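Text of target_1.cif, listed as mmCIF, C-alpha atoms:
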data_query
#
loop_
_atom_site.group_PDB
_atom_site.id
_atom_site.type_symbol
_atom_site.label_atom_id
_atom_site.label_comp_id
_atom_site.auth_asym_id
_atom_site.auth_seq_id
_atom_site.Cartn_x
_atom_site.Cartn_y
_atom_site.Cartn_z
ATOM 1 C CA MET A 1039 19.715 122.923 246.021
ATOM 2 C CA TYR A 1040 16.917 124.875 247.726
ATOM 3 C CA PRO A 1041 15.335 126.946 244.928
ATOM 4 C CA VAL A 1042 12.356 127.998 247.042
ATOM 5 C CA ALA A 1043 10.814 131.103 245.504
ATOM 6 C CA GLY A 1044 10.492 132.906 248.833
ATOM 7 C CA LEU A 1045 14.154 132.355 249.659
ATOM 8 C CA ARG A 1046 16.018 132.909 246.413
ATOM 9 C CA TYR A 1047 16.759 136.539 247.161
ATOM 10 C CA ALA A 1048 18.304 135.556 250.507
ATOM 11 C CA TRP A 1049 20.517 132.951 248.810
ATOM 12 C CA ASP A 1050 21.460 135.542 246.175
ATOM 13 C CA GLU A 1051 22.367 138.093 248.837
ATOM 14 C CA LEU A 1052 24.440 135.623 250.835
ATOM 15 C CA TYR A 1053 26.263 134.265 247.806
ATOM 16 C CA SER A 1054 27.005 137.646 246.195
ATOM 17 C CA THR A 1055 28.645 138.892 249.400
ATOM 18 C CA ILE A 1056 30.752 135.745 249.700
ATOM 19 C CA ALA A 1057 31.671 135.712 246.002
ATOM 20 C CA SER A 1058 32.627 139.390 246.077
ATOM 21 C CA SER A 1059 35.100 138.628 248.842
ATOM 22 C CA VAL A 1060 36.601 135.738 246.872
ATOM 23 C CA GLY A 1061 36.600 137.887 243.737
ATOM 24 C CA VAL A 1062 39.030 140.354 245.288
ATOM 25 C CA ARG A 1063 41.742 137.712 244.746
ATOM 26 C CA TYR A 1064 40.166 135.704 241.932
ATOM 27 C CA SER A 1065 38.592 138.041 239.407
ATOM 28 C CA ASP A 1066 36.920 135.252 237.425
ATOM 29 C CA THR A 1067 34.624 134.391 240.355
ATOM 30 C CA PRO A 1068 30.954 134.626 239.252
ATOM 31 C CA LEU A 1069 29.206 137.217 241.391
ATOM 32 C CA ALA A 1070 25.684 135.859 240.948
ATOM 33 C CA LEU A 1071 24.095 132.435 241.248
ATOM 34 C CA ASP A 1072 22.823 130.732 238.107
ATOM 35 C CA TRP A 1073 19.363 129.343 238.895
ATOM 36 C CA THR A 1074 18.795 128.022 235.366
ATOM 37 C CA LEU A 1075 21.134 125.015 235.546
ATOM 38 C CA ASP A 1076 19.878 121.635 236.673
ATOM 39 C CA SER A 1077 21.822 120.774 239.817
ATOM 40 C CA HIS A 1078 23.287 117.584 238.361
ATOM 41 C CA GLU A 1079 24.372 119.486 235.262
ATOM 42 C CA GLY A 1080 25.970 122.176 237.391
ATOM 43 C CA TRP A 1081 28.033 119.736 239.447
ATOM 44 C CA ARG A 1082 29.601 118.349 236.266
ATOM 45 C CA HIS A 1083 30.013 121.643 234.420
ATOM 46 C CA PRO A 1084 33.578 121.991 233.077
ATOM 47 C CA HIS A 1085 33.758 125.554 234.380
ATOM 48 C CA LEU A 1086 32.147 124.992 237.770
ATOM 49 C CA ALA A 1087 33.144 127.756 240.177
ATOM 50 C CA PHE A 1088 30.863 126.944 243.099
ATOM 51 C CA SER A 1089 27.782 124.875 243.892
ATOM 52 C CA GLN A 1090 25.960 122.980 246.586
ATOM 53 C CA ALA A 1091 25.729 119.223 246.087
ATOM 54 C CA CYS A 1092 24.078 116.211 247.690
ATOM 55 C CA GLY A 1093 26.181 114.007 249.933
ATOM 56 C CA TRP A 1094 25.381 110.741 248.143
ATOM 57 C CA PRO A 1095 26.429 111.799 244.614
ATOM 58 C CA LEU A 1096 29.468 113.408 246.223
ATOM 59 C CA ILE A 1097 30.850 110.138 247.559
ATOM 60 C CA THR A 1098 29.590 107.876 244.772
ATOM 61 C CA ASP A 1099 30.168 109.930 241.628
ATOM 62 C CA LEU A 1100 31.639 113.405 242.134
ATOM 63 C CA HIS A 1101 34.563 112.603 244.430
ATOM 64 C CA ASN A 1102 37.149 112.804 241.633
ATOM 65 C CA THR A 1103 35.776 115.928 239.971
ATOM 66 C CA VAL A 1104 35.038 118.441 242.764
ATOM 67 C CA ARG A 1105 36.552 119.719 246.001
ATOM 68 C CA VAL A 1106 34.585 120.178 249.212
ATOM 69 C CA LEU A 1107 34.594 123.457 251.114
ATOM 70 C CA GLY A 1108 32.343 122.503 254.015
ATOM 71 C CA ALA A 1109 28.703 122.742 255.053
ATOM 72 C CA PHE A 1110 26.347 125.163 256.727
ATOM 73 C CA LYS A 1111 25.218 124.717 260.297
ATOM 74 C CA HIS A 1112 21.446 124.904 260.096
ATOM 75 C CA LEU A 1113 18.992 125.580 262.885
ATOM 76 C CA LEU A 1114 16.760 122.502 262.853
ATOM 77 C CA ASP A 1115 14.607 121.121 265.656
ATOM 78 C CA GLY A 1116 15.833 123.907 267.919
ATOM 79 C CA ALA A 1117 19.535 123.082 267.611
ATOM 80 C CA ALA A 1118 22.267 124.290 265.254
ATOM 81 C CA SER A 1119 24.304 121.558 263.618
ATOM 82 C CA HIS A 1120 25.998 120.661 260.345
ATOM 83 C CA SER A 1121 24.250 117.264 260.504
ATOM 84 C CA TYR A 1122 20.559 116.410 260.183
ATOM 85 C CA ARG A 1123 18.050 113.578 259.959
ATOM 86 C CA SER A 1124 15.494 113.392 257.171
ATOM 87 C CA VAL A 1125 11.844 113.362 258.188
ATOM 88 C CA ILE A 1126 9.739 110.399 257.079
ATOM 89 C CA VAL A 1127 6.228 111.710 256.500
ATOM 90 C CA ALA A 1128 2.806 110.143 255.960
ATOM 91 C CA ARG A 1129 -0.805 111.264 256.073
ATOM 92 C CA VAL A 1130 -2.145 111.658 259.585
ATOM 93 C CA ALA A 1131 -4.493 108.682 259.452
ATOM 94 C CA HIS A 1132 -2.017 106.360 257.746
ATOM 95 C CA VAL A 1133 -0.261 103.606 259.696
ATOM 96 C CA PRO A 1134 3.173 103.110 258.042
ATOM 97 C CA ASN A 1135 3.920 99.656 256.682
ATOM 98 C CA ALA A 1136 7.141 99.543 254.664
ATOM 99 C CA SER A 1137 6.270 96.170 253.162
ATOM 100 C CA THR A 1138 3.270 97.535 251.269
ATOM 101 C CA ASP A 1139 3.483 101.337 251.309
ATOM 102 C CA ARG A 1140 3.993 103.314 248.129
ATOM 103 C CA ALA A 1141 7.130 105.437 248.484
ATOM 104 C CA ALA A 1142 7.534 108.887 246.935
ATOM 105 C CA ILE A 1143 11.183 109.489 246.026
ATOM 106 C CA ASN A 1144 12.617 112.687 244.613
ATOM 107 C CA SER A 1145 15.619 110.985 242.991
ATOM 108 C CA THR A 1146 17.375 107.633 243.209
ATOM 109 C CA ASP A 1147 20.692 109.328 244.035
ATOM 110 C CA SER A 1148 19.274 111.462 246.860
ATOM 111 C CA LEU A 1149 20.798 110.969 250.300
ATOM 112 C CA SER A 1150 17.829 112.460 252.140
ATOM 113 C CA GLY A 1151 14.995 111.286 249.896
ATOM 114 C CA TYR A 1152 16.137 107.813 248.832
ATOM 115 C CA VAL A 1153 19.060 106.456 250.842
ATOM 116 C CA SER A 1154 17.688 107.728 254.149
ATOM 117 C CA LEU A 1155 14.238 106.252 253.484
ATOM 118 C CA HIS A 1156 15.670 102.784 252.922
ATOM 119 C CA ALA A 1157 17.987 103.082 255.918
ATOM 120 C CA ALA A 1158 15.150 104.215 258.198
ATOM 121 C CA PHE A 1159 13.261 100.980 257.515
ATOM 122 C CA GLY A 1160 16.295 98.703 257.214
ATOM 123 C CA ILE A 1161 15.639 97.986 253.534
ATOM 124 C CA ALA A 1162 18.472 97.533 251.028
ATOM 125 C CA LEU A 1163 18.783 100.242 248.396
ATOM 126 C CA GLY A 1164 16.612 99.508 245.411
ATOM 127 C CA GLN A 1165 14.687 96.797 247.234
ATOM 128 C CA TRP A 1166 11.644 98.795 248.341
ATOM 129 C CA PRO A 1167 8.846 96.193 248.444
ATOM 130 C CA GLY A 1168 6.023 98.388 247.223
ATOM 131 C CA GLU A 1169 5.486 100.851 244.435
ATOM 132 C CA VAL A 1170 8.008 103.693 244.008
ATOM 133 C CA VAL A 1171 6.781 107.054 242.723
ATOM 134 C CA LEU A 1172 9.511 109.276 241.258
ATOM 135 C CA THR A 1173 8.613 112.928 241.888
ATOM 136 C CA GLY A 1174 11.708 114.954 240.943
ATOM 137 C CA SER A 1175 11.790 117.064 244.097
ATOM 138 C CA HIS A 1176 11.190 116.949 247.833
ATOM 139 C CA VAL A 1177 8.232 119.300 247.458
ATOM 140 C CA GLY A 1178 6.891 116.974 244.791
ATOM 141 C CA SER A 1179 7.198 114.077 247.246
ATOM 142 C CA ILE A 1180 5.310 116.064 249.885
ATOM 143 C CA ASP A 1181 2.534 116.722 247.384
ATOM 144 C CA ALA A 1182 2.442 113.059 246.337
ATOM 145 C CA VAL A 1183 1.899 111.881 249.908
ATOM 146 C CA ARG A 1184 -0.632 114.556 250.718
ATOM 147 C CA GLY A 1185 -2.498 113.912 247.478
ATOM 148 C CA GLY A 1186 -2.634 110.159 248.047
ATOM 149 C CA SER A 1187 -0.496 108.931 245.136
ATOM 150 C CA ALA A 1188 2.108 107.783 247.684
ATOM 151 C CA ASP A 1189 1.976 106.712 251.312
ATOM 152 C CA LEU A 1190 5.432 107.635 252.595
ATOM 153 C CA ALA A 1191 8.286 109.953 251.691
ATOM 154 C CA SER A 1192 11.616 110.894 253.188
ATOM 155 C CA ILE A 1193 11.999 114.663 253.081
ATOM 156 C CA ASP A 1194 15.158 116.671 253.510
ATOM 157 C CA ALA A 1195 14.910 118.240 256.957
ATOM 158 C CA LEU A 1196 15.710 121.726 255.707
ATOM 159 C CA THR A 1197 13.107 121.550 252.942
ATOM 160 C CA TRP A 1198 10.558 120.475 255.563
ATOM 161 C CA ALA A 1199 11.545 123.369 257.831
ATOM 162 C CA TYR A 1200 11.351 125.877 254.982
ATOM 163 C CA GLN A 1201 7.849 124.668 254.110
ATOM 164 C CA GLN A 1202 6.810 125.008 257.749
ATOM 165 C CA HIS A 1203 7.916 128.649 257.666
ATOM 166 C CA LEU A 1204 6.846 129.654 254.155
ATOM 167 C CA ASP A 1205 3.951 127.408 253.150
ATOM 168 C CA PRO A 1206 2.564 125.535 256.175
ATOM 169 C CA ASP A 1207 -0.742 124.853 254.387
ATOM 170 C CA ARG A 1208 1.151 122.531 252.052
ATOM 171 C CA LEU A 1209 1.876 120.268 255.028
ATOM 172 C CA ASP A 1210 -1.714 120.059 256.275
ATOM 173 C CA GLY A 1211 -2.709 116.466 256.913
ATOM 174 C CA LEU A 1212 0.880 115.208 257.081
ATOM 175 C CA VAL A 1213 2.801 113.965 260.100
ATOM 176 C CA VAL A 1214 6.393 112.934 260.768
ATOM 177 C CA VAL A 1215 6.348 109.195 261.512
ATOM 178 C CA GLN A 1216 10.070 108.435 261.606
ATOM 179 C CA ARG A 1217 13.534 109.887 261.025
ATOM 180 C CA GLY A 1218 16.395 108.927 258.764
ATOM 181 C CA PRO A 1219 19.994 108.358 259.916
ATOM 182 C CA VAL A 1220 22.213 111.255 260.996
ATOM 183 C CA VAL A 1221 24.048 112.576 257.928
ATOM 184 C CA PRO A 1222 26.089 115.716 257.154
ATOM 185 C CA CYS A 1223 24.329 118.747 255.719
ATOM 186 C CA LEU A 1224 24.728 119.344 252.005
ATOM 187 C CA PRO A 1225 28.334 119.888 250.855
ATOM 188 C CA LEU A 1226 29.427 123.207 249.401
ATOM 189 C CA ILE A 1227 31.776 122.455 246.511
ATOM 190 C CA VAL A 1228 34.104 124.023 243.945
ATOM 191 C CA GLY A 1229 35.520 122.572 240.756
ATOM 192 C CA GLY A 1230 38.130 119.875 241.029
ATOM 193 C CA GLU A 1231 40.809 122.091 239.474
ATOM 194 C CA ALA A 1232 40.655 124.556 242.384
ATOM 195 C CA ASP A 1233 43.929 124.643 244.311
ATOM 196 C CA ASP A 1234 44.361 124.914 248.070
ATOM 197 C CA ALA A 1235 44.538 128.716 247.932
ATOM 198 C CA VAL A 1236 41.178 128.953 246.166
ATOM 199 C CA VAL A 1237 39.591 126.549 248.662
ATOM 200 C CA ALA A 1238 41.015 128.593 251.541
ATOM 201 C CA ALA A 1239 39.657 131.829 250.046
ATOM 202 C CA TRP A 1240 36.125 130.415 249.786
ATOM 203 C CA ARG A 1241 36.252 128.991 253.295
ATOM 204 C CA SER A 1242 37.455 132.301 254.697
ATOM 205 C CA ALA A 1243 34.668 134.163 252.884
ATOM 206 C CA PHE A 1244 32.015 131.773 254.160
ATOM 207 C CA SER A 1245 33.301 132.057 257.715
ATOM 208 C CA ALA A 1246 33.288 135.868 257.527
ATOM 209 C CA ALA A 1247 29.747 135.898 256.167
ATOM 210 C CA MET A 1248 28.506 134.067 259.241
ATOM 211 C CA SER A 1249 29.213 137.108 261.408
ATOM 212 C CA ASN A 1250 28.472 139.825 258.850
ATOM 213 C CA PRO A 1251 25.653 141.938 260.351
ATOM 214 C CA SER A 1252 24.349 142.926 256.905
ATOM 215 C CA LEU A 1253 23.570 139.260 256.228
ATOM 216 C CA ALA A 1254 21.755 138.617 259.515
ATOM 217 C CA ARG A 1255 18.290 138.639 257.930
ATOM 218 C CA ALA A 1256 19.341 136.370 255.062
ATOM 219 C CA ARG A 1257 20.948 133.911 257.464
ATOM 220 C CA SER A 1258 17.843 133.915 259.644
ATOM 221 C CA LEU A 1259 15.515 133.244 256.712
ATOM 222 C CA LEU A 1260 17.775 130.428 255.494
ATOM 223 C CA LEU A 1261 18.080 128.966 259.013
ATOM 224 C CA ILE A 1262 21.868 129.255 258.785
ATOM 225 C CA GLU A 1263 23.756 129.477 262.064
ATOM 226 C CA GLY A 1264 27.329 128.927 260.896
ATOM 227 C CA PHE A 1265 29.774 127.330 258.491
ATOM 228 C CA VAL A 1266 31.917 124.259 259.165
ATOM 229 C CA PRO A 1267 34.977 123.552 256.961
ATOM 230 C CA LEU A 1268 34.858 119.931 255.810
ATOM 231 C CA ASP A 1269 36.720 117.769 253.317
ATOM 232 C CA LEU A 1270 35.613 114.917 251.099
ATOM 233 C CA ALA A 1271 37.037 112.488 253.653
ATOM 234 C CA ASP A 1272 34.616 113.813 256.285
ATOM 235 C CA TYR A 1273 31.658 112.888 254.089
ATOM 236 C CA GLN A 1274 33.158 109.532 253.199
ATOM 237 C CA ARG A 1275 33.624 108.659 256.870
ATOM 238 C CA ALA A 1276 30.170 109.879 257.886
ATOM 239 C CA LEU A 1277 28.411 108.010 255.083
ATOM 240 C CA ALA A 1278 30.597 104.883 255.085
ATOM 241 C CA PRO A 1279 28.010 102.717 256.913
ATOM 242 C CA LEU A 1280 25.357 103.594 254.324
ATOM 243 C CA ALA A 1281 27.785 103.119 251.436
ATOM 244 C CA ASP A 1282 28.925 99.749 252.799
ATOM 245 C CA ALA A 1283 25.330 98.581 253.144
ATOM 246 C CA ALA A 1284 24.571 99.697 249.585
ATOM 247 C CA ALA A 1285 27.624 97.868 248.219
ATOM 248 C CA VAL A 1286 26.543 94.582 249.801
ATOM 249 C CA HIS A 1287 23.309 94.635 247.817
ATOM 250 C CA SER A 1288 24.599 96.257 244.615
ATOM 251 C CA ASP A 1289 24.367 93.059 242.564
ATOM 252 C CA THR A 1290 20.681 92.509 243.289
ATOM 253 C CA ARG A 1291 19.417 96.072 243.085
ATOM 254 C CA THR A 1292 15.975 96.778 241.649
ATOM 255 C CA LEU A 1293 13.585 99.632 242.230
ATOM 256 C CA GLY A 1294 10.281 97.962 242.940
ATOM 257 C CA ARG A 1295 7.335 98.890 240.752
ATOM 258 C CA THR A 1296 8.289 102.335 239.563
ATOM 259 C CA LYS A 1297 6.213 105.099 238.060
ATOM 260 C CA GLU A 1298 6.859 108.785 237.531
ATOM 261 C CA THR A 1299 4.659 111.645 238.588
#
Could I get this structure in the form of C-alpha cells?
Amino acid sequence: MYPVAGLRYAWDELYSTIASSVGVRYSDTPLALDWTLDSHEGWRHPHLAFSQACGWPLITDLHNTVRVLGAFKHLLDGAASHSYRSVIVARVAHVPNASTDRAAINSTDSLSGYVSLHAAFGIALGQWPGEVVLTGSHVGSIDAVRGGSADLASIDALTWAYQQHLDPDRLDGLVVVQRGPVVPCLPLIVGGEADDAVVAAWRSAFSAAMSNPSLARARSLLLIEGFVPLDLADYQRALAPLADAAAVHSDTRTLGRTKET
C-alpha cells in the first residue's frame, strides 16, 4: 500500500524476514513481496497469502474473504500509535471552503482519501458540492493540489510523513488545514481460508520482527514502532460511526462533478 521507490527495499527486508519465520511451519509462504499486482486485485486473489489493505474496503467488501492479523504502530506527529488522522491539505494562500472547493480524491473506496475528507467537513459520502478530481493515488492528490487542478485533498498521514522525509520539495506550497477522524492504521491481512494456527504464526512473526535488531533500520525508515494484533471486529467497531453515516445517505449518493487526472 506504500510503494514509495525509496522505501521498497525496507518493506522487502521486513517482509522477507517475517515470511521466512512463517515459512518454517508453512512452506508455501511466499518469501518475497509482489509489487506488480494492483492492490485491489491482490486483496481478491484466490491464492492470497498476505497483503496490506485499506480499512474501508475491509469492512464494506472484504470482510467475508480475508482475515485480519493486525496493524503497525507508526510514529506520526511524534507519537507511536496504531491509529492516525488523515491530513487535509491545501495551497498556502488558499482559504478552504468545502462548498466550492475542488477535491482531489485518490479513490472512492479510500478511508483516508475519501471517507475522511467527507467526515472532516461533515459532508455525506458522495455529496461533495464541488468538482471531484480522481487521481489514483495519494501522491497524485498532492500533485493535483499543488499544481492547481484541485483545491483540497485528504492525504494518508503515513504517505504525508514519508514525503516529508523523502521528497519534501513535493510538498512546497502546501499546508495542513484540517485533520480527518481518528481511524485504525491499515490492516494487515491473509486469505480467508487461513486457519487460526496460520493467523497465530503470522502474528508471532510480526511481533518478533518488532524487536529484531537486524530490522532496526528498516523499521526506522518505515516509521514503524510496533505491531498490534487486531481482528475484523476491531475495525468494524472503530469505523462504525463512519459506516453508519454512509448508510444513512446511501440512497442519494452522487459524486459531484467528477473528472479524472
Would you kindly return, as number ranges by chain, each protein, DNA or RNA residue with an atom no farther than 12 Å from any atom of A:Gly1160, considering all atoms listed in the file and excluding same-chain residues fewer than 5 positions away? A: 1136-1137, 1153-1155, 1165-1167, 1218-1219, 1280, 1283-1284
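With distances taken over all atoms listed in the file, A:Tyr1122 is the one residue among A:Phe1244, A:Tyr1047, A:Tyr1122, A:Trp1094 lying closest to A:Thr1197.
Counting all atoms listed in the file, the residue from A:Ala1128, A:Val1221, A:Leu1069, A:Val1060 that sits nearest to A:Gln1274 is A:Val1221.
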Given the file shown, enumerate the residues that the PyMOL selection byres ((chain A and resi 1168-1172) around 10) captures and present them as a short mmCIF file (atom, residue, chain, number, x, y, z; two decimals) with C-alpha atoms, keeping the file's coordinate frame.
data_model
loop_
_atom_site.label_atom_id
_atom_site.label_comp_id
_atom_site.auth_asym_id
_atom_site.auth_seq_id
_atom_site.Cartn_x
_atom_site.Cartn_y
_atom_site.Cartn_z
CA ASN A 1135 3.92 99.66 256.68
CA ALA A 1136 7.14 99.54 254.66
CA SER A 1137 6.27 96.17 253.16
CA THR A 1138 3.27 97.54 251.27
CA ASP A 1139 3.48 101.34 251.31
CA ARG A 1140 3.99 103.31 248.13
CA ALA A 1141 7.13 105.44 248.48
CA ALA A 1142 7.53 108.89 246.94
CA ILE A 1143 11.18 109.49 246.03
CA ASN A 1144 12.62 112.69 244.61
CA SER A 1145 15.62 110.98 242.99
CA THR A 1146 17.38 107.63 243.21
CA GLY A 1164 16.61 99.51 245.41
CA GLN A 1165 14.69 96.80 247.23
CA TRP A 1166 11.64 98.80 248.34
CA PRO A 1167 8.85 96.19 248.44
CA THR A 1173 8.61 112.93 241.89
CA GLY A 1174 11.71 114.95 240.94
CA SER A 1175 11.79 117.06 244.10
CA GLY A 1178 6.89 116.97 244.79
CA SER A 1179 7.20 114.08 247.25
CA ALA A 1182 2.44 113.06 246.34
CA VAL A 1183 1.90 111.88 249.91
CA SER A 1187 -0.50 108.93 245.14
CA ALA A 1188 2.11 107.78 247.68
CA ASP A 1189 1.98 106.71 251.31
CA LEU A 1190 5.43 107.64 252.60
CA ALA A 1191 8.29 109.95 251.69
CA LEU A 1293 13.58 99.63 242.23
CA GLY A 1294 10.28 97.96 242.94
CA ARG A 1295 7.34 98.89 240.75
CA THR A 1296 8.29 102.34 239.56
CA LYS A 1297 6.21 105.10 238.06
CA GLU A 1298 6.86 108.78 237.53
CA THR A 1299 4.66 111.64 238.59
#
Mind checking which residues fall within 7 Å of stretch 1210-1212 of chain A, counting only C-alpha atoms, ignoring those fewer than 5 positions away in the same chain, and posting them as a list in words?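 Answer for this query is Val1127, Ala1128, Arg1129, Val1130 and Arg1184 of chain A.
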For A:Ser1192, the nearest of the candidates A:Tyr1273, A:Trp1081, A:Phe1159, A:Tyr1152, counting all atoms listed in the file: A:Tyr1152
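Among the candidates A:Leu1226, A:His1132, A:His1120, A:Val1214, the residue lying nearest to A:Glu1263 is A:His1120 (atoms considered: all atoms listed in the file).
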Which residues, written as a compact mmCIF listing (two decimals) with C-alpha atoms, in the frame of the given file, have at least one atom at most 12 Å from A:Ile1262, with all atoms listed in the file counted and residues fewer than 3 positions away on the same chain left out?
# COMPACT_ATOMS: atom_id res chain seq x y z
CA ALA A 1048 18.30 135.56 250.51
CA TRP A 1049 20.52 132.95 248.81
CA LEU A 1052 24.44 135.62 250.84
CA ALA A 1109 28.70 122.74 255.05
CA PHE A 1110 26.35 125.16 256.73
CA LYS A 1111 25.22 124.72 260.30
CA HIS A 1112 21.45 124.90 260.10
CA LEU A 1113 18.99 125.58 262.88
CA LEU A 1114 16.76 122.50 262.85
CA ALA A 1117 19.54 123.08 267.61
CA ALA A 1118 22.27 124.29 265.25
CA SER A 1119 24.30 121.56 263.62
CA HIS A 1120 26.00 120.66 260.35
CA LEU A 1196 15.71 121.73 255.71
CA ALA A 1199 11.54 123.37 257.83
CA TYR A 1200 11.35 125.88 254.98
CA CYS A 1223 24.33 118.75 255.72
CA PHE A 1244 32.02 131.77 254.16
CA SER A 1245 33.30 132.06 257.71
CA ALA A 1247 29.75 135.90 256.17
CA MET A 1248 28.51 134.07 259.24
CA SER A 1249 29.21 137.11 261.41
CA LEU A 1253 23.57 139.26 256.23
CA ALA A 1254 21.76 138.62 259.52
CA ARG A 1255 18.29 138.64 257.93
CA ALA A 1256 19.34 136.37 255.06
CA ARG A 1257 20.95 133.91 257.46
CA SER A 1258 17.84 133.92 259.64
CA LEU A 1259 15.52 133.24 256.71
CA PHE A 1265 29.77 127.33 258.49
CA VAL A 1266 31.92 124.26 259.17
Atomic separation - atom CA of A:Thr1055 relative to atom CA of A:Asn1102, Å: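 These atoms are spaced 28.5 Å apart.
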Interatomic distance (Å, one decimal) between atom CA of A:Ile1097 and atom CA of A:Leu1224: 11.9 Å
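Taking atom CA of A:Val1106 and atom CA of A:Ser1059 as the two end points, the separation is 18.5 Å.
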Between A:Val1220, A:Ala1091, A:Ile1193, A:Ile1227, which has the minimum distance to A:Arg1105 (counting only C-alpha atoms)?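 The closest residue to A:Arg1105 is A:Ile1227.
In this comparison, which uses all atoms listed in the file, the residue of A:Leu1100, A:Ile1126, A:Ala1043, A:Ala1232 approaching A:Gly1151 most closely is A:Ile1126.
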Would you output stretch 1208-1235 of chain A from that structure, restricted to C-alpha atoms, as a PDB file, in the first residue's frame?
ATOM      1  CA  ARG A1208       6.982  17.901  -3.454  1.00  0.00           C
ATOM      2  CA  LEU A1209       5.127  19.489  -0.532  1.00  0.00           C
ATOM      3  CA  ASP A1210       6.368  23.037  -1.132  1.00  0.00           C
ATOM      4  CA  GLY A1211       3.489  25.490  -1.107  1.00  0.00           C
ATOM      5  CA  LEU A1212       1.123  23.126   0.712  1.00  0.00           C
ATOM      6  CA  VAL A1213      -0.192  23.375   4.256  1.00  0.00           C
ATOM      7  CA  VAL A1214      -2.266  21.144   6.520  1.00  0.00           C
ATOM      8  CA  VAL A1215      -5.588  22.928   7.084  1.00  0.00           C
ATOM      9  CA  GLN A1216      -7.551  20.234   8.909  1.00  0.00           C
ATOM     10  CA  ARG A1217      -7.489  16.612  10.060  1.00  0.00           C
ATOM     11  CA  GLY A1218      -9.727  13.650   9.399  1.00  0.00           C
ATOM     12  CA  PRO A1219     -11.298  11.453  12.103  1.00  0.00           C
ATOM     13  CA  VAL A1220      -9.201   9.031  14.157  1.00  0.00           C
ATOM     14  CA  VAL A1221      -9.110   5.680  12.344  1.00  0.00           C
ATOM     15  CA  PRO A1222      -7.030   2.489  12.685  1.00  0.00           C
ATOM     16  CA  CYS A1223      -3.858   2.133  10.646  1.00  0.00           C
ATOM     17  CA  LEU A1224      -4.050  -0.063   7.573  1.00  0.00           C
ATOM     18  CA  PRO A1225      -4.970  -3.709   8.272  1.00  0.00           C
ATOM     19  CA  LEU A1226      -2.511  -6.500   7.569  1.00  0.00           C
ATOM     20  CA  ILE A1227      -4.484  -9.403   6.116  1.00  0.00           C
ATOM     21  CA  VAL A1228      -4.251 -13.026   4.983  1.00  0.00           C
ATOM     22  CA  GLY A1229      -6.600 -15.040   2.813  1.00  0.00           C
ATOM     23  CA  GLY A1230      -9.945 -16.016   4.235  1.00  0.00           C
ATOM     24  CA  GLU A1231      -9.067 -19.721   4.171  1.00  0.00           C
ATOM     25  CA  ALA A1232      -6.257 -19.242   6.710  1.00  0.00           C
ATOM     26  CA  ASP A1233      -6.984 -21.079   9.955  1.00  0.00           C
ATOM     27  CA  ASP A1234      -6.265 -19.868  13.478  1.00  0.00           C
ATOM     28  CA  ALA A1235      -2.831 -21.514  13.511  1.00  0.00           C
TER      29      ALA A1235
END
